[in-house]
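Shown next: entry.txt, given as compact mmCIF, C-alpha atoms.
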```
# COMPACT_ATOMS: atom_id res chain seq x y z
CA MET H 1 -20.26 -18.29 -8.14
CA MET H 2 -17.30 -18.16 -10.52
CA ASN H 3 -14.84 -15.31 -10.05
CA ALA H 4 -14.30 -12.94 -12.92
CA GLU H 5 -10.80 -12.95 -14.34
CA ALA H 6 -8.73 -9.92 -15.27
CA ASN H 7 -5.66 -9.47 -17.39
CA TRP H 8 -3.61 -6.49 -18.48
CA ASP H 9 -5.01 -6.49 -22.03
CA THR H 10 -8.66 -6.24 -20.99
CA LEU H 11 -8.47 -4.05 -17.89
CA ASP H 12 -11.35 -1.65 -17.36
CA TRP H 13 -9.34 1.53 -16.76
CA ALA H 14 -12.42 3.61 -16.00
CA ALA H 15 -13.30 1.18 -13.19
CA LEU H 16 -9.76 1.40 -11.80
CA VAL H 17 -9.93 5.20 -11.77
CA ARG H 18 -13.30 5.04 -10.01
CA LEU H 19 -11.88 2.63 -7.43
CA ARG H 20 -8.87 4.87 -6.87
CA GLU H 21 -11.11 7.87 -6.26
CA GLY H 22 -13.16 5.81 -3.82
CA PHE H 23 -10.05 4.73 -1.91
CA LEU H 24 -8.83 8.29 -1.56
CA GLY H 25 -12.26 9.50 -0.48
CA GLY H 26 -12.89 6.68 1.99
CA ALA H 27 -16.07 5.69 0.13
CA GLY H 28 -15.67 2.02 1.01
CA GLY H 29 -17.40 2.56 4.32
CA ALA H 30 -20.54 3.41 2.38
CA GLY H 31 -20.28 0.29 0.24
CA ALA H 32 -19.39 2.22 -2.92
CA TYR H 33 -16.31 0.28 -4.07
CA TRP H 34 -17.43 -2.93 -5.68
CA GLN H 35 -20.09 -2.86 -8.38
CA SER H 36 -19.25 -6.26 -9.84
CA SER H 37 -16.88 -9.19 -9.48
CA ALA H 38 -15.02 -7.71 -12.46
CA ASP H 39 -14.17 -4.71 -10.26
CA LEU H 40 -12.66 -7.04 -7.68
CA ALA H 41 -10.71 -8.97 -10.31
CA ALA H 42 -9.24 -5.77 -11.74
CA TYR H 43 -8.38 -4.59 -8.22
CA ASP H 44 -6.80 -7.93 -7.31
CA LEU H 45 -4.52 -7.75 -10.35
CA THR H 46 -3.38 -4.17 -9.66
CA PHE H 47 -3.99 -2.27 -6.42
CA ALA H 48 -4.11 -5.43 -4.33
CA GLN H 49 -0.66 -6.47 -5.51
CA ARG H 50 0.79 -3.24 -4.15
CA ILE H 51 -0.86 -4.05 -0.82
CA ALA H 52 0.59 -7.57 -1.04
CA TRP H 53 4.11 -6.12 -1.39
CA LYS H 54 3.56 -4.19 1.85
CA TRP H 55 2.30 -7.34 3.57
CA GLU H 56 5.34 -9.25 2.34
CA ALA H 57 7.60 -6.65 3.96
CA VAL H 58 5.72 -6.92 7.26
CA LEU H 59 5.68 -10.72 7.23
CA ALA H 60 9.39 -10.85 6.37
CA GLU H 61 10.12 -8.69 9.41
CA LEU H 62 8.01 -10.94 11.63
CA LYS H 63 9.90 -14.02 10.46
CA MET H 64 13.18 -12.17 10.96
CA ARG H 65 12.08 -11.56 14.55
CA GLY H 66 11.24 -15.26 14.94
CA TRP H 67 7.50 -14.69 15.39
CA MET H 68 4.64 -16.77 14.02
CA PRO H 69 0.91 -16.48 14.72
CA PRO H 70 -0.53 -18.88 17.28
CA PRO H 71 -2.31 -21.88 15.74
CA GLY H 72 -6.05 -21.59 15.16
CA ARG H 73 -8.44 -19.90 12.80
CA MET H 74 -8.00 -16.56 11.04
CA LEU H 75 -10.45 -13.75 10.34
CA ASP H 76 -9.77 -11.36 7.44
CA TRP H 77 -11.97 -8.41 8.41
CA GLY H 78 -12.78 -5.91 5.64
CA CYS H 79 -11.30 -8.49 3.30
CA GLY H 80 -11.84 -6.84 -0.08
CA SER H 81 -10.37 -9.31 -2.58
CA GLY H 82 -8.74 -11.27 0.27
CA VAL H 83 -5.16 -10.51 -0.68
CA ALA H 84 -4.00 -9.92 2.92
CA SER H 85 -5.12 -13.28 4.30
CA ARG H 86 -3.70 -15.08 1.26
CA CYS H 87 -0.33 -13.45 1.97
CA VAL H 88 -0.47 -14.53 5.62
CA VAL H 89 -1.37 -18.15 4.81
CA ARG H 90 1.26 -18.33 2.09
CA GLU H 91 3.99 -16.98 4.38
CA PHE H 92 3.24 -18.96 7.55
CA GLY H 93 1.81 -22.13 6.03
CA LEU H 94 -1.50 -23.96 5.98
CA GLU H 95 -0.62 -25.91 9.10
CA LYS H 96 -0.91 -22.76 11.24
CA PHE H 97 -4.58 -22.20 10.43
CA THR H 98 -7.56 -24.46 11.07
CA ALA H 99 -9.93 -22.24 9.05
CA LEU H 100 -10.19 -18.87 7.33
CA HIS H 101 -13.16 -16.54 7.75
CA VAL H 102 -13.54 -13.59 5.37
CA TYR H 103 -15.77 -10.67 6.24
CA ASP H 104 -16.68 -7.53 4.33
CA HIS H 105 -19.75 -5.31 4.22
CA SER H 106 -19.88 -6.22 0.51
CA PRO H 107 -21.24 -9.71 -0.29
CA LEU H 108 -19.45 -9.43 -3.65
CA ALA H 109 -16.13 -9.05 -1.86
CA MET H 110 -16.79 -11.99 0.46
CA ASP H 111 -17.68 -14.19 -2.50
CA PHE H 112 -14.58 -13.15 -4.40
CA ALA H 113 -12.21 -13.54 -1.42
CA THR H 114 -13.70 -16.95 -0.59
CA ALA H 115 -13.27 -18.23 -4.12
CA ARG H 116 -9.70 -16.94 -4.44
CA ALA H 117 -8.68 -18.42 -1.09
CA LYS H 118 -10.17 -21.82 -1.98
CA ALA H 119 -8.40 -21.75 -5.35
CA ALA H 120 -5.06 -20.88 -3.75
CA PHE H 121 -5.40 -23.27 -0.79
CA PRO H 122 -7.79 -26.14 -1.64
CA GLN H 123 -7.16 -27.86 1.70
CA LEU H 124 -8.08 -24.80 3.78
CA SER H 125 -11.58 -24.48 5.21
CA VAL H 126 -12.91 -21.05 4.13
CA ALA H 127 -16.14 -19.46 5.35
CA ARG H 128 -17.94 -16.17 4.71
CA GLY H 129 -18.83 -13.87 7.59
CA LEU H 130 -17.81 -13.33 11.19
CA PRO H 131 -17.11 -16.28 13.47
CA GLU H 132 -19.60 -16.84 16.25
CA GLN H 133 -18.94 -15.38 19.68
CA GLY H 134 -15.69 -16.35 21.34
CA ASN H 135 -12.07 -16.48 20.32
CA ILE H 136 -11.41 -15.62 16.67
CA GLY H 137 -7.73 -16.66 16.49
CA THR H 138 -5.65 -14.35 14.30
CA LEU H 139 -7.33 -11.11 13.20
CA VAL H 140 -6.08 -9.65 9.90
CA LEU H 141 -6.89 -6.04 9.04
CA SER H 142 -5.65 -4.25 5.94
CA HIS H 143 -6.20 -0.67 4.76
CA VAL H 144 -9.46 -0.11 6.62
CA LEU H 145 -8.97 2.83 9.00
CA ASN H 146 -9.70 5.65 6.56
CA GLU H 147 -13.14 4.11 5.96
CA LEU H 148 -14.18 3.72 9.58
CA PRO H 149 -16.11 6.33 11.59
CA ASP H 150 -15.54 6.36 15.34
CA ALA H 151 -18.33 3.88 16.12
CA ALA H 152 -16.97 1.38 13.61
CA ARG H 153 -13.47 1.76 15.04
CA GLU H 154 -14.88 0.87 18.44
CA SER H 155 -16.41 -2.27 16.98
CA VAL H 156 -13.06 -3.28 15.47
CA LEU H 157 -11.38 -2.65 18.80
CA GLN H 158 -13.83 -4.98 20.52
CA LEU H 159 -13.26 -7.57 17.80
CA ALA H 160 -9.51 -7.35 18.40
CA ARG H 161 -10.13 -8.15 22.06
CA ARG H 162 -11.49 -11.54 20.94
CA ALA H 163 -8.26 -12.37 19.08
CA ASP H 164 -5.11 -14.25 20.05
CA ALA H 165 -3.10 -12.15 17.61
CA VAL H 166 -3.69 -9.04 15.51
CA LEU H 167 -1.91 -8.34 12.21
CA TRP H 168 -2.80 -4.86 10.97
CA VAL H 169 -1.37 -3.02 7.96
CA GLU H 170 -2.38 0.50 6.89
CA PRO H 171 -1.16 3.09 4.37
CA GLY H 172 1.94 4.92 5.57
CA ALA H 173 0.21 8.29 5.90
CA HIS H 174 0.13 10.51 8.99
CA ALA H 175 -3.59 10.13 9.73
CA GLU H 176 -3.72 6.33 9.44
CA SER H 177 -0.49 5.92 11.40
CA ARG H 178 -1.79 8.08 14.23
CA ALA H 179 -5.08 6.18 14.29
CA LEU H 180 -3.16 2.90 14.48
CA ILE H 181 -1.07 4.23 17.36
CA ALA H 182 -4.31 5.05 19.18
CA MET H 183 -5.41 1.43 18.75
CA ARG H 184 -2.04 0.22 20.05
CA GLU H 185 -2.39 2.31 23.18
CA ARG H 186 -5.83 0.95 23.95
CA LEU H 187 -4.81 -2.68 23.46
CA ARG H 188 -1.30 -2.88 24.93
CA ASP H 189 -2.48 -3.75 28.44
CA GLU H 190 -4.03 -6.95 27.08
CA PHE H 191 -1.53 -7.74 24.34
CA GLU H 192 2.21 -7.98 23.87
CA VAL H 193 3.44 -5.54 21.23
CA ILE H 194 5.31 -7.72 18.72
CA ALA H 195 6.10 -5.13 16.04
CA PRO H 196 7.02 -2.59 14.85
CA CYS H 197 8.02 -1.60 18.38
CA THR H 198 10.72 -3.35 20.38
CA HIS H 199 8.90 -2.42 23.60
CA GLY H 200 5.43 -2.20 25.11
CA GLU H 201 5.73 1.26 26.65
CA THR H 202 3.67 4.29 25.67
CA CYS H 203 4.39 5.25 22.06
CA GLY H 204 7.09 7.91 21.99
CA LEU H 205 5.42 9.66 19.07
CA LEU H 206 2.63 10.81 21.38
CA THR H 207 4.80 13.48 23.00
CA THR H 208 4.09 17.06 21.98
CA SER H 209 7.49 17.46 20.32
CA ASN H 210 6.78 14.52 17.99
CA GLU H 211 3.29 15.47 16.81
CA ARG H 212 4.45 16.06 13.23
CA HIS H 213 5.99 12.58 12.97
CA TRP H 214 4.33 9.26 12.29
CA CYS H 215 5.31 5.60 12.38
CA HIS H 216 5.88 4.26 8.87
CA ASN H 217 8.34 2.44 6.66
CA PHE H 218 8.74 1.68 2.97
CA ALA H 219 8.37 -1.68 1.27
CA ALA H 220 10.51 -2.55 -1.72
CA PRO H 221 8.68 -3.19 -5.01
CA PRO H 222 9.58 -6.39 -6.87
CA PRO H 223 12.86 -6.27 -8.82
CA GLY H 224 12.36 -5.18 -12.40
CA LEU H 225 9.01 -3.53 -11.79
CA GLN H 226 10.09 -0.32 -13.52
CA ALA H 227 10.90 -2.34 -16.64
CA ASP H 228 7.52 -4.08 -16.69
CA SER H 229 5.46 -2.33 -19.39
CA ASP H 230 2.12 -3.33 -17.85
CA TRP H 231 2.98 -1.89 -14.44
CA VAL H 232 4.52 1.24 -15.97
CA ARG H 233 1.33 1.83 -17.93
CA PHE H 234 -0.72 1.26 -14.76
CA GLY H 235 1.34 3.79 -12.81
CA GLN H 236 1.05 6.40 -15.54
CA ARG H 237 -2.68 6.01 -16.12
CA ILE H 238 -3.64 5.86 -12.44
CA GLY H 239 -1.10 8.45 -11.30
CA LEU H 240 0.93 6.32 -8.88
CA ASP H 241 4.64 6.31 -8.15
CA LEU H 242 5.41 2.60 -8.40
CA ARG H 243 8.59 3.00 -6.37
CA SER H 244 6.81 4.38 -3.30
CA LEU H 245 5.20 1.82 -0.98
CA PRO H 246 4.81 3.48 2.44
CA TYR H 247 3.05 1.49 5.12
CA SER H 248 2.26 1.52 8.82
CA PHE H 249 1.57 -1.64 10.76
CA LEU H 250 0.91 -3.16 14.15
CA VAL H 251 1.28 -6.74 15.34
CA LEU H 252 -0.03 -7.83 18.74
CA GLU H 253 -0.24 -11.13 20.60
CA ARG H 254 -2.37 -11.87 23.62
CA ARG H 255 -0.30 -11.86 26.79
CA GLY H 256 0.83 -15.24 28.06
CA LEU H 257 0.46 -17.16 24.79
CA GLN H 258 3.81 -18.01 23.27
CA SER H 259 6.27 -15.29 22.29
CA ASP H 260 9.56 -14.21 23.83
CA THR H 261 9.17 -10.48 23.36
CA ALA H 262 12.40 -9.84 25.29
CA ARG H 263 14.48 -11.03 22.34
CA PHE H 264 14.85 -7.51 20.93
CA ALA H 265 14.53 -5.60 24.21
CA GLY H 266 16.96 -2.71 24.13
CA TRP H 267 17.10 -2.61 20.33
CA ARG H 268 15.98 0.44 18.37
CA ARG H 269 13.44 0.34 15.55
CA ILE H 270 14.17 2.70 12.66
CA VAL H 271 11.12 4.77 11.72
CA GLY H 272 10.72 6.04 8.17
CA ALA H 273 13.78 5.99 5.92
CA PRO H 274 17.38 6.59 7.07
CA ARG H 275 18.91 9.80 5.71
CA VAL H 276 22.40 8.97 4.49
CA TYR H 277 25.02 11.65 3.91
CA LYS H 278 28.72 11.59 3.00
CA GLY H 279 30.20 10.47 6.32
CA PHE H 280 27.19 9.94 8.54
CA ALA H 281 23.53 8.93 8.60
CA LYS H 282 20.55 10.22 10.53
CA LEU H 283 18.26 7.56 11.97
CA PHE H 284 14.90 8.37 13.51
CA CYS H 285 14.80 5.68 16.19
CA CYS H 286 12.05 4.31 18.41
CA GLN H 287 13.00 2.73 21.73
CA ALA H 288 11.47 2.20 25.16
CA ASP H 289 12.49 5.63 26.45
CA GLY H 290 11.22 7.60 23.47
CA VAL H 291 11.64 8.46 19.80
CA ARG H 292 14.43 10.71 18.54
CA ASP H 293 16.97 11.40 15.82
CA LEU H 294 20.34 9.72 16.30
CA THR H 295 23.50 10.17 14.25
CA LEU H 296 25.52 7.21 13.02
CA GLN H 297 29.10 8.08 12.04
CA LYS H 298 30.58 6.03 9.23
CA ARG H 299 33.80 5.49 11.19
CA ASP H 300 31.87 3.99 14.12
CA ALA H 301 30.13 1.29 12.09
CA PRO H 302 31.46 1.09 8.52
CA LYS H 303 29.61 -2.12 7.65
CA VAL H 304 26.25 -0.83 8.82
CA PHE H 305 26.87 2.50 7.11
CA ARG H 306 27.69 0.73 3.84
CA GLN H 307 24.45 -1.22 4.06
CA LEU H 308 22.51 1.99 4.58
CA LYS H 309 24.30 3.69 1.69
CA ASP H 310 23.45 0.74 -0.57
CA GLU H 311 19.80 1.28 0.44
CA GLU H 312 19.49 -2.09 2.09
CA LEU H 313 16.32 -2.19 4.15
CA MET H 314 17.48 -1.95 7.75
CA LEU H 315 14.92 -2.04 10.53
CA LEU H 316 16.58 -2.75 13.88
CA VAL H 317 19.85 -1.51 15.37
CA GLN H 318 21.50 -2.14 18.69
CA GLY H 319 24.27 -0.22 20.38
CA GLY H 320 25.36 2.51 22.72
CA GLU H 321 24.21 6.11 22.63
CA GLU H 322 25.99 9.26 23.72
CA LYS H 323 24.92 12.84 23.01
CA ASP H 324 22.59 11.80 20.20
CA LYS H 325 25.27 9.66 18.56
CA LEU H 326 24.80 5.96 17.93
CA ALA H 327 27.54 3.35 17.65
CA PRO H 328 25.65 0.16 16.80
CA VAL H 329 27.21 -3.18 17.53
CA ASP H 330 24.61 -5.05 15.50
CA ALA H 331 21.94 -4.50 12.90
CA THR H 332 19.18 -6.73 11.60
CA LEU H 333 17.70 -6.81 8.14
CA PRO H 334 14.54 -8.61 6.98
```
Once more with this new file: its structure as structure tokens, please.
Amino acid sequence: MMNAEANWDTLDWAALVRLREGFLGGAGGAGAYWQSSADLAAYDLTFAQRIAWKWEAVLAELKMRGWMPPPGRMLDWGCGSGVASRCVVREFGLEKFTALHVYDHSPLAMDFATARAKAAFPQLSVARGLPEQGNIGTLVLSHVLNELPDAARESVLQLARRADAVLWVEPGAHAESRALIAMRERLRDEFEVIAPCTHGETCGLLTTSNERHWCHNFAAPPPGLQADSDWVRFGQRIGLDLRSLPYSFLVLERRGLQSDTARFAGWRRIVGAPRVYKGFAKLFCCQADGVRDLTLQKRDAPKVFRQLKDEELMLLVQGGEEKDKLAPVDATLP
């Protein structure tokens, strides 16, 4: 089956509005998203690109940390148009993956994702549906939690237990972040936590004092996006702030496989966005002994402070701590 094509001049705006309403209402679990391959093509040109920018931020962080998925096949579960698995293959290379499986409750979506993956990577073996019983390699999940009732979440959890690695990206909202943390807690005995955490202890956000917080960060849109008339029109008609790309994510690897997770032991992961003031910054930091606000004085780390003030995306900091003050000796950017 040939994929439909979409371009900015012929977009079906009514279909995009309908898709947007379905996303917000979690209607995908009922199979209400895709009515045609044209829907998927319009989505792949627009909404899926915003998801791709989030995946690019996650994958850049993983490469910064020196992590790559173990070799083997990949399963893109709940694939939609297949944008997530295409991002993963593009970033890590064809040689890492022996085959790609795409699965979605919608046959239209599986057809579309299969065709797009084959077009992008002609040498990659691509199959529709779930792999047979046994190891599934790398499991990719993207923007699925708001569609899944409890029973379906259990099924995904069991699927994750068949994987060597799990790459999972969700919207950066409180509910999805908390649901992802719950998955982390149930899987961390079997898997090493690769990211976003720098540790495998109980998530510090689960304490009573941190109930209002959630684990999220912000991806950067492509340079010049605000000057792109097509994207500006899309943002205005759909009602989206193009500058805001919040995401939550979780990356796991089965214990004993390959990774040196001690590389960033003792480092702190910044949660959310740093708040930068005239002579200091507030960083909400996650570390093995909990999650809390720490103050960075400009005089203690002028280079790091300048990077924060210039809105450079900083994710990991290392340094001493005394009375809620942080004096980092190093910082790592993606």
Check the smallest atom-to-atom distance from each of H:Asn135, H:Ala301, H:Phe234, H:Phe249 to Arg184 in chain H using all atoms listed in the file, then report the winner.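 Looking at the shortest contact to Arg184 in chain H, the residue is H:Phe249.
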Write out as a VMD selection string each polymer residue whose atoms come within 7 Å of range 288-291 of chain H, counting only C-alpha atoms; drop sequence neighbours fewer than 5 positions from it. chain H and resid 199 201 204 to 205
Name the closest residue to Pro246 in chain H among the candidates H:Arg18, H:Arg269, H:Lys54, H:Arg116; distances are taken between atoms, counting all atoms listed in the file.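 Between H:Arg18, H:Arg269, H:Lys54, H:Arg116, the residue approaching Pro246 in chain H most closely is H:Lys54.
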Just the residues within 10 Å of Ser244 in chain H, please, counting all atoms listed in the file, with nothing from its chain fewer than 6 positions along; format it as a PyMOL selection string. chain H and resi 50+218-221
Could the residues of range 133-235 of chain H that have an atom at most 8 Å from range 61-79 of chain H be listed as a tab-separated table, each with its closest atom pair and the distance in Å to one decimal, counting all atoms listed in the file and ordered by chain and ascending residue number?
```
residue	atom	partner	partner_atom	distance
H:Ile136	CA	H:Arg73	CA	6.5
H:Gly137	CA	H:Arg73	CA	5.0
H:Thr138	CA	H:Met74	CA	4.6
H:Leu139	CA	H:Leu75	CA	5.0
H:Val140	CA	H:Asp76	CA	4.8
H:Leu141	CA	H:Trp77	CA	5.6
H:Ser142	CA	H:Gly78	CA	7.3
H:Val144	CA	H:Gly78	CA	6.8
H:Asp164	CA	H:Pro70	CA	7.1
H:Ala165	CA	H:Pro69	CA	6.6
H:Ala195	CA	H:Leu62	CA	7.5
```
Protein and nucleic acid residues near (-12.3, -2.9, -18.5) (cut-off 12 Å, all atoms listed in the file) as a list in words: Ala4, Glu5, Ala6, Asn7, Trp8, Asp9, Thr10, Leu11, Asp12, Trp13, Ala14, Ala15, Leu16, Val17, Arg18, Ser36, Ser37, Ala38, Asp39, Leu40, Ala41, Ala42 and Tyr43 of chain H
What is the CA of Asp241 in chain H-CA of Arg212 in chain H distance in Å, reported with one decimal? 23.5 Å
